[in-house]
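Worksheet for the structure shown next.
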Amino acid sequence: MARQKRKPRVSLEEIAKKKDARKAVRELRETISYHDYRYYVENDPVISDADYDELMEKLGALEEEFPDLRSLDSPTQRVGGEPREELGSVEHPTPMLSLKATYDEDEVKRFLENCRRRLGEEPEYVAEPKYDGLSVELIYEDGRLSVASTRGDGRTGENVTANVRTIREIPISPLDEEEPVPKHLIVRGEIYMDKGEFEELNWRREEAGENPFANPRNAAAGSLRQLDPKITAERSLHAFFYEVAEVSGRRNFDTQREVLNTLPKWGFKVNLDLSKRCSDFDEIREYHEDLERKRDDLSYEIDGAVFKVDDRSQQEKLGVRARDPQWTIAYKFRPLQATAKIKDIRVQVGRTGALTPVADLDPVNIGGVEVSRASLHNQSEVERKDIRVGDVVLVERAGDVIPQIVKPIEEERSGSEKKFRMPKECPVCSSEVVMSEDKKRAFCPNTACPAQVRERLKHFASREAMDIEGLGEKLVEQLSDAGFIERPSSIYRLSKEDLLSLERVGEKTADNLLSEIEASKDKPLSRFLYGLGIPLVGEHLVRVLTRHFASIDDLMRASEEELQRIEEIGPAAASSIVTFFADEQDRRTIEEMREAGLELPNPDHGGKGGPLKDLNLVFTGRLERWSRSDAESLVESLGGRTSSNVSGNTDYVVAGPDAGSKLDEARERNVPVMDEEEFASFLRERGADVRS
């Protein structure tokens, strides 16, 4: 009997369809990788968020239909994989050596003299910032990220490949448009966290009863070393690259400068703006001093400058001694630390009821800033560090981060110092304080506590939120004590008679405040949401929400599942948002404000219009009218874009005092330059609401 012919399991039509899908997946991945580079590395996107989301949706749909086309190097997999039991270790192909570091000018001179003597000539040096983050090594094989590891002991590091894949500034597959990607490539750089994102992360941790991180470096390290990549994906991590350790399939690099210029062509973020050639000690000292002046204005932490012999053949000649290369040195900035005496430890009650101990210090100057108080976070932290009233303590200030007490100076104790204990009753309303067993969280459960009410009102009126000028701390307390305001919607019911009944409030003050309150009704949804003070939702998540939801009504209807599908919103934040909008009192407060005339427009949703539409601006130097982040947020809120580097796409450069190489680059490219006042006039001419 003849054997029957078996029917093929896959039809020719299905084969053709899958072949088309494979091609589409490949093209989508290449396109998305390119746009990730333009957005995260160049800071110069060329498509809208909506168009980018559409590309991701198409890729996700194809991978869903054809699961075997999904791979670890797909942009859809950046959200993180399953938790692992341990990170594991990776042996570095070549050791990741530490740098010789010094605070001593004479030591730098000796380094230069050693290079000059051993080479028989004065070499050229490349100066770069010394980042205060976590060093990483990335190994690429055949154009794909194979292994990522931390520095560890220099010879063996922790395997953080799955976590590094979640960082969008790091290419999974390097670009090869301008220069072919080598078959084998090892690059090194630094993972870091922005100062503002660090403060927001700590705020969220404290709200959740978790220990805050001590500084952005610890936060970056803790985020990268998570066993669960999903946690890393929820954190905002960034990277700068500065070294090619191994390369094959192309000639090697002749100079360090060539390394820095080539890495961006492959999609790696490099800080070319703050790198510079130096020929002698005078230029090195000038660079070091200039960089130290700019230190506080940068959005990330640096703790010094690194100087490297530029010529790589000269680097090889100088070689390595003991554990550090002889062709480079780290010239560190003076520490931003000082000692001060704790006069008292008082307890603050926040807008969510959290009780925070704060040390009142004898004023001390740290890095040009007078510091008179420092957060102690919680009872557990106070006990762990054994900090007492009357102690002389070491205080540290890192950039814009709130001052921290590092440790007590026990040798200075006289025996009169007193241990701190969190009060059993709220210092404001006398409600019984609730404290967790680990002593990391204490809070007042009374939501009507006058301190909580005042803090919520101050937050709502703050510059970052509804920006109601004149409604500051003292006036909020007066109005609250008089019973005129008890929640944000009460602000919009204030009358002139109410204000005039208060001490030291005259006709002009009352009129000005009422005008400010009226003007705040036109503020966008993003400011309103931030002003509501939703637990675990800071400025960054507010921007994420307003990009995804067209209106407050859409957001209020969102479920936890819908919120968690949005990148950067984790389970805790999603639960907090849904819980907030489910509360009848919160919903009533929102409705009362809308009835008072708040329109809550949302220019962030979808395509951005506005007076700065299609304009790309770069800020450089020290800004005095705005902080750097405020200025960039203002530009983006008006439909413009901001970049960290001057390029052919830059329309204007705004330069403040101590402007550096960006200003020189702008002049070379004939890009129009404005100072801050000219920038403010520029905005007003285009109809933007800018205060005089």
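Lettering and numbering for the structure tokens are positional, with chains as A, B, ... in the shown order, residues counted from 1 in each chain, and ligands counted from 1 in the shown order.
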Taking only range 393-501 of chain A into account, list the residues labelled strand (DSSP E or B) by DSSP (computed from the backbone), as a PyMOL selection string. chain A and resi 393-396+404-408+418-419+425+432+434-435+442-443
Can you pull out the residues contacting range 563-578 of chain A? Cut-off 6 Å, using only C-alpha atoms, and skip same-chain residues under 2 positions away; I want them as JSON, numbers by chain. {"A": [234, 536, 560, 561, 580, 581]}
Mind writing the picked residues with C-alpha atoms as a PDB file, in the first residue's frame?
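Output below, filename out_29.pdb:
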```pdb
ATOM      1  CA  GLU A 234      12.539  51.409  36.861  1.00  0.00           C
ATOM      2  CA  LEU A 536       5.681  58.124  44.793  1.00  0.00           C
ATOM      3  CA  GLU A 560      -3.073  49.555  37.782  1.00  0.00           C
ATOM      4  CA  GLU A 561      -2.556  47.158  34.881  1.00  0.00           C
ATOM      5  CA  PHE A 580      -5.062  58.465  45.233  1.00  0.00           C
ATOM      6  CA  PHE A 581      -7.720  58.949  42.566  1.00  0.00           C
TER       7      PHE A 581
END
```
Which residues are close to Arg456 in chain A, i.e. within 8 Å by only C-alpha atoms, leaving aside same-chain residues fewer than 2 positions away? Reply as an mmCIF file with C-alpha atoms, in the first residue's frame.
```
data_model
loop_
_atom_site.group_PDB
_atom_site.id
_atom_site.type_symbol
_atom_site.label_atom_id
_atom_site.label_comp_id
_atom_site.auth_asym_id
_atom_site.auth_seq_id
_atom_site.Cartn_x
_atom_site.Cartn_y
_atom_site.Cartn_z
ATOM 1 C CA ARG A 351 2.748 66.396 53.723
ATOM 2 C CA GLN A 452 0.454 67.887 56.882
ATOM 3 C CA VAL A 453 -2.214 70.281 55.662
ATOM 4 C CA ARG A 454 0.244 73.195 55.533
ATOM 5 C CA LYS A 458 2.873 74.849 50.321
ATOM 6 C CA HIS A 459 3.724 72.087 47.863
ATOM 7 C CA PHE A 460 0.691 72.875 45.697
ATOM 8 C CA ARG A 487 -7.007 71.872 51.104
ATOM 9 C CA PRO A 488 -5.760 73.138 47.682
ATOM 10 C CA LEU A 532 -1.420 67.256 44.027
ATOM 11 C CA GLY A 533 1.468 65.455 45.719
#
```
Which neighbours of range 182-192 of chain A fall inside 7 Å, counting only C-alpha atoms, when residues of the same chain fewer than 2 positions from it are skipped, and could you give them as a PyMOL selection string? chain A and resi 131+133-143+180+194+217+220+237-250
Export, as a JSON list (two decimals), in the first residue's frame, the selected residues with N, CA and C atoms.
```json
[["chain", "number", "residue", "atom", "x", "y", "z"],
["A", 131, "TYR", "N", 34.13, 60.95, 36.64],
["A", 131, "TYR", "CA", 32.74, 60.72, 37.04],
["A", 131, "TYR", "C", 32.68, 59.98, 38.37],
["A", 133, "GLY", "N", 30.67, 57.61, 39.61],
["A", 133, "GLY", "CA", 29.64, 56.61, 39.36],
["A", 133, "GLY", "C", 30.20, 55.21, 39.52],
["A", 134, "LEU", "N", 29.76, 54.30, 38.68],
["A", 134, "LEU", "CA", 30.17, 52.90, 38.75],
["A", 134, "LEU", "C", 30.76, 52.50, 37.41],
["A", 135, "SER", "N", 32.03, 52.05, 37.43],
["A", 135, "SER", "CA", 32.71, 51.67, 36.19],
["A", 135, "SER", "C", 32.14, 50.36, 35.64],
["A", 136, "VAL", "N", 31.99, 50.29, 34.32],
["A", 136, "VAL", "CA", 31.49, 49.08, 33.67],
["A", 136, "VAL", "C", 32.32, 48.76, 32.44],
["A", 137, "GLU", "N", 32.30, 47.50, 32.09],
["A", 137, "GLU", "CA", 32.94, 47.02, 30.86],
["A", 137, "GLU", "C", 31.89, 46.32, 30.02],
["A", 138, "LEU", "N", 31.83, 46.64, 28.74],
["A", 138, "LEU", "CA", 30.86, 46.04, 27.83],
["A", 138, "LEU", "C", 31.62, 45.30, 26.73],
["A", 139, "ILE", "N", 31.28, 44.05, 26.51],
["A", 139, "ILE", "CA", 31.91, 43.26, 25.45],
["A", 139, "ILE", "C", 30.88, 43.02, 24.35],
["A", 140, "TYR", "N", 31.24, 43.39, 23.12],
["A", 140, "TYR", "CA", 30.38, 43.19, 21.96],
["A", 140, "TYR", "C", 31.02, 42.17, 21.03],
["A", 141, "GLU", "N", 30.25, 41.19, 20.62],
["A", 141, "GLU", "CA", 30.70, 40.19, 19.66],
["A", 141, "GLU", "C", 29.77, 40.21, 18.46],
["A", 142, "ASP", "N", 30.35, 40.35, 17.27],
["A", 142, "ASP", "CA", 29.57, 40.39, 16.03],
["A", 142, "ASP", "C", 28.47, 41.44, 16.09],
["A", 143, "GLY", "N", 28.78, 42.59, 16.69],
["A", 143, "GLY", "CA", 27.84, 43.71, 16.68],
["A", 143, "GLY", "C", 26.73, 43.64, 17.69],
["A", 180, "PRO", "N", 32.20, 51.14, 10.31],
["A", 180, "PRO", "CA", 31.81, 49.75, 10.60],
["A", 180, "PRO", "C", 32.14, 49.35, 12.04],
["A", 194, "ASP", "N", 21.51, 60.96, 37.50],
["A", 194, "ASP", "CA", 21.40, 62.42, 37.60],
["A", 194, "ASP", "C", 21.03, 62.84, 39.02],
["A", 217, "ARG", "N", 26.17, 58.11, 43.48],
["A", 217, "ARG", "CA", 27.03, 56.97, 43.13],
["A", 217, "ARG", "C", 26.50, 55.68, 43.76],
["A", 220, "ALA", "N", 23.37, 54.60, 41.93],
["A", 220, "ALA", "CA", 23.65, 53.97, 40.64],
["A", 220, "ALA", "C", 24.17, 52.56, 40.84],
["A", 237, "LEU", "N", 19.05, 55.42, 34.93],
["A", 237, "LEU", "CA", 20.50, 55.33, 34.87],
["A", 237, "LEU", "C", 21.01, 55.85, 33.53],
["A", 238, "HIS", "N", 22.21, 56.42, 33.56],
["A", 238, "HIS", "CA", 22.83, 56.99, 32.37],
["A", 238, "HIS", "C", 24.26, 56.48, 32.27],
["A", 239, "ALA", "N", 24.93, 56.80, 31.16],
["A", 239, "ALA", "CA", 26.30, 56.32, 30.98],
["A", 239, "ALA", "C", 27.11, 57.28, 30.13],
["A", 240, "PHE", "N", 28.39, 57.42, 30.46],
["A", 240, "PHE", "CA", 29.39, 58.06, 29.62],
["A", 240, "PHE", "C", 30.46, 57.01, 29.32],
["A", 241, "PHE", "N", 31.00, 57.04, 28.10],
["A", 241, "PHE", "CA", 32.06, 56.10, 27.74],
["A", 241, "PHE", "C", 33.34, 56.86, 27.38],
["A", 242, "TYR", "N", 34.49, 56.21, 27.67],
["A", 242, "TYR", "CA", 35.76, 56.92, 27.49],
["A", 242, "TYR", "C", 36.92, 56.02, 27.12],
["A", 243, "GLU", "N", 36.70, 54.71, 26.96],
["A", 243, "GLU", "CA", 37.83, 53.83, 26.69],
["A", 243, "GLU", "C", 37.43, 52.68, 25.78],
["A", 244, "VAL", "N", 38.32, 52.34, 24.84],
["A", 244, "VAL", "CA", 38.20, 51.11, 24.06],
["A", 244, "VAL", "C", 39.34, 50.21, 24.52],
["A", 245, "ALA", "N", 39.00, 49.12, 25.20],
["A", 245, "ALA", "CA", 40.03, 48.23, 25.76],
["A", 245, "ALA", "C", 40.56, 47.24, 24.73],
["A", 246, "GLU", "N", 39.67, 46.75, 23.87],
["A", 246, "GLU", "CA", 40.08, 45.82, 22.81],
["A", 246, "GLU", "C", 39.24, 46.09, 21.58],
["A", 247, "VAL", "N", 39.84, 45.85, 20.41],
["A", 247, "VAL", "CA", 39.12, 46.05, 19.16],
["A", 247, "VAL", "C", 39.75, 45.15, 18.10],
["A", 248, "SER", "N", 38.91, 44.56, 17.24],
["A", 248, "SER", "CA", 39.44, 43.74, 16.15],
["A", 248, "SER", "C", 38.68, 44.09, 14.88],
["A", 249, "GLY", "N", 39.31, 43.77, 13.73],
["A", 249, "GLY", "CA", 38.64, 44.03, 12.47],
["A", 249, "GLY", "C", 38.84, 45.45, 11.97],
["A", 250, "ARG", "N", 39.64, 46.23, 12.64],
["A", 250, "ARG", "CA", 40.00, 47.59, 12.18],
["A", 250, "ARG", "C", 41.37, 47.89, 12.79]]
```
Smallest atom-to-atom distance to Glu54 in chain A: which of A:Ala148, A:Ile366, A:Ile32, A:Leu545, using only C-alpha atoms?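 Selected residue with least distance to Glu54 in chain A: A:Ile32.
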Extract, using only C-alpha atoms, all DNA, RNA and protein residues at most 8 Å from Lys496 in chain A, discarding same-chain residues fewer than 6 positions from it, and format them as an MDAnalysis selection string. chainID A and resid 510:511 514
For the selection you just gave me, I'd like the residues written to a file as a PDB file, in the first residue's frame, keeping C-alpha atoms.
```pdb
ATOM      1  CA  ALA A 510      -3.944  91.004  48.582  1.00  0.00           C
ATOM      2  CA  ASP A 511      -4.474  92.190  44.994  1.00  0.00           C
ATOM      3  CA  LEU A 514      -5.410  87.142  43.975  1.00  0.00           C
TER       4      LEU A 514
END
```
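The residue set within 8 Å of range 87-96 of chain A, counting only C-alpha atoms and dropping same-chain residues fewer than 5 places from it, reads Ser149, Arg151, Gly154, Arg155, Thr156, Gly157, Glu158, Asn159, Val160, Arg225, Leu227 and Ala245 of chain A.
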Restricting the calculation to only C-alpha atoms: of A:Glu486, A:Asp228, A:Glu417, A:Asp324, which residue gets closest to Thr166 in chain A?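 Among the listed residues, A:Asp228 lies closest to Thr166 in chain A.
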For range 275-285 of chain A, find every residue with an atom within 7 Å (counting only C-alpha atoms), except residues of its own chain fewer than 2 positions away, and show them as a compact mmCIF listing (two decimals) with C-alpha atoms, in the first residue's frame.
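Saved result, result37.txt, follows:
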```
# COMPACT_ATOMS: atom_id res chain seq x y z
CA LYS A 109 53.61 68.24 38.47
CA GLU A 124 49.98 66.11 24.69
CA TYR A 125 47.29 65.24 27.24
CA VAL A 126 43.53 64.77 27.00
CA ALA A 127 41.53 66.10 29.95
CA GLU A 128 38.20 64.52 30.89
CA ASN A 271 31.32 63.79 26.99
CA LEU A 272 33.15 65.60 24.19
CA ASP A 273 31.84 68.91 25.47
CA TYR A 287 41.05 73.01 33.08
CA HIS A 288 40.86 71.63 36.63
CA GLU A 289 39.81 74.99 38.10
```
Mind giving me the straight-line distance from CA of Gly415 in chain A to CA of Leu376 in chain A in Å, one decimal?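 Interatomic distance here is 21.4 Å.
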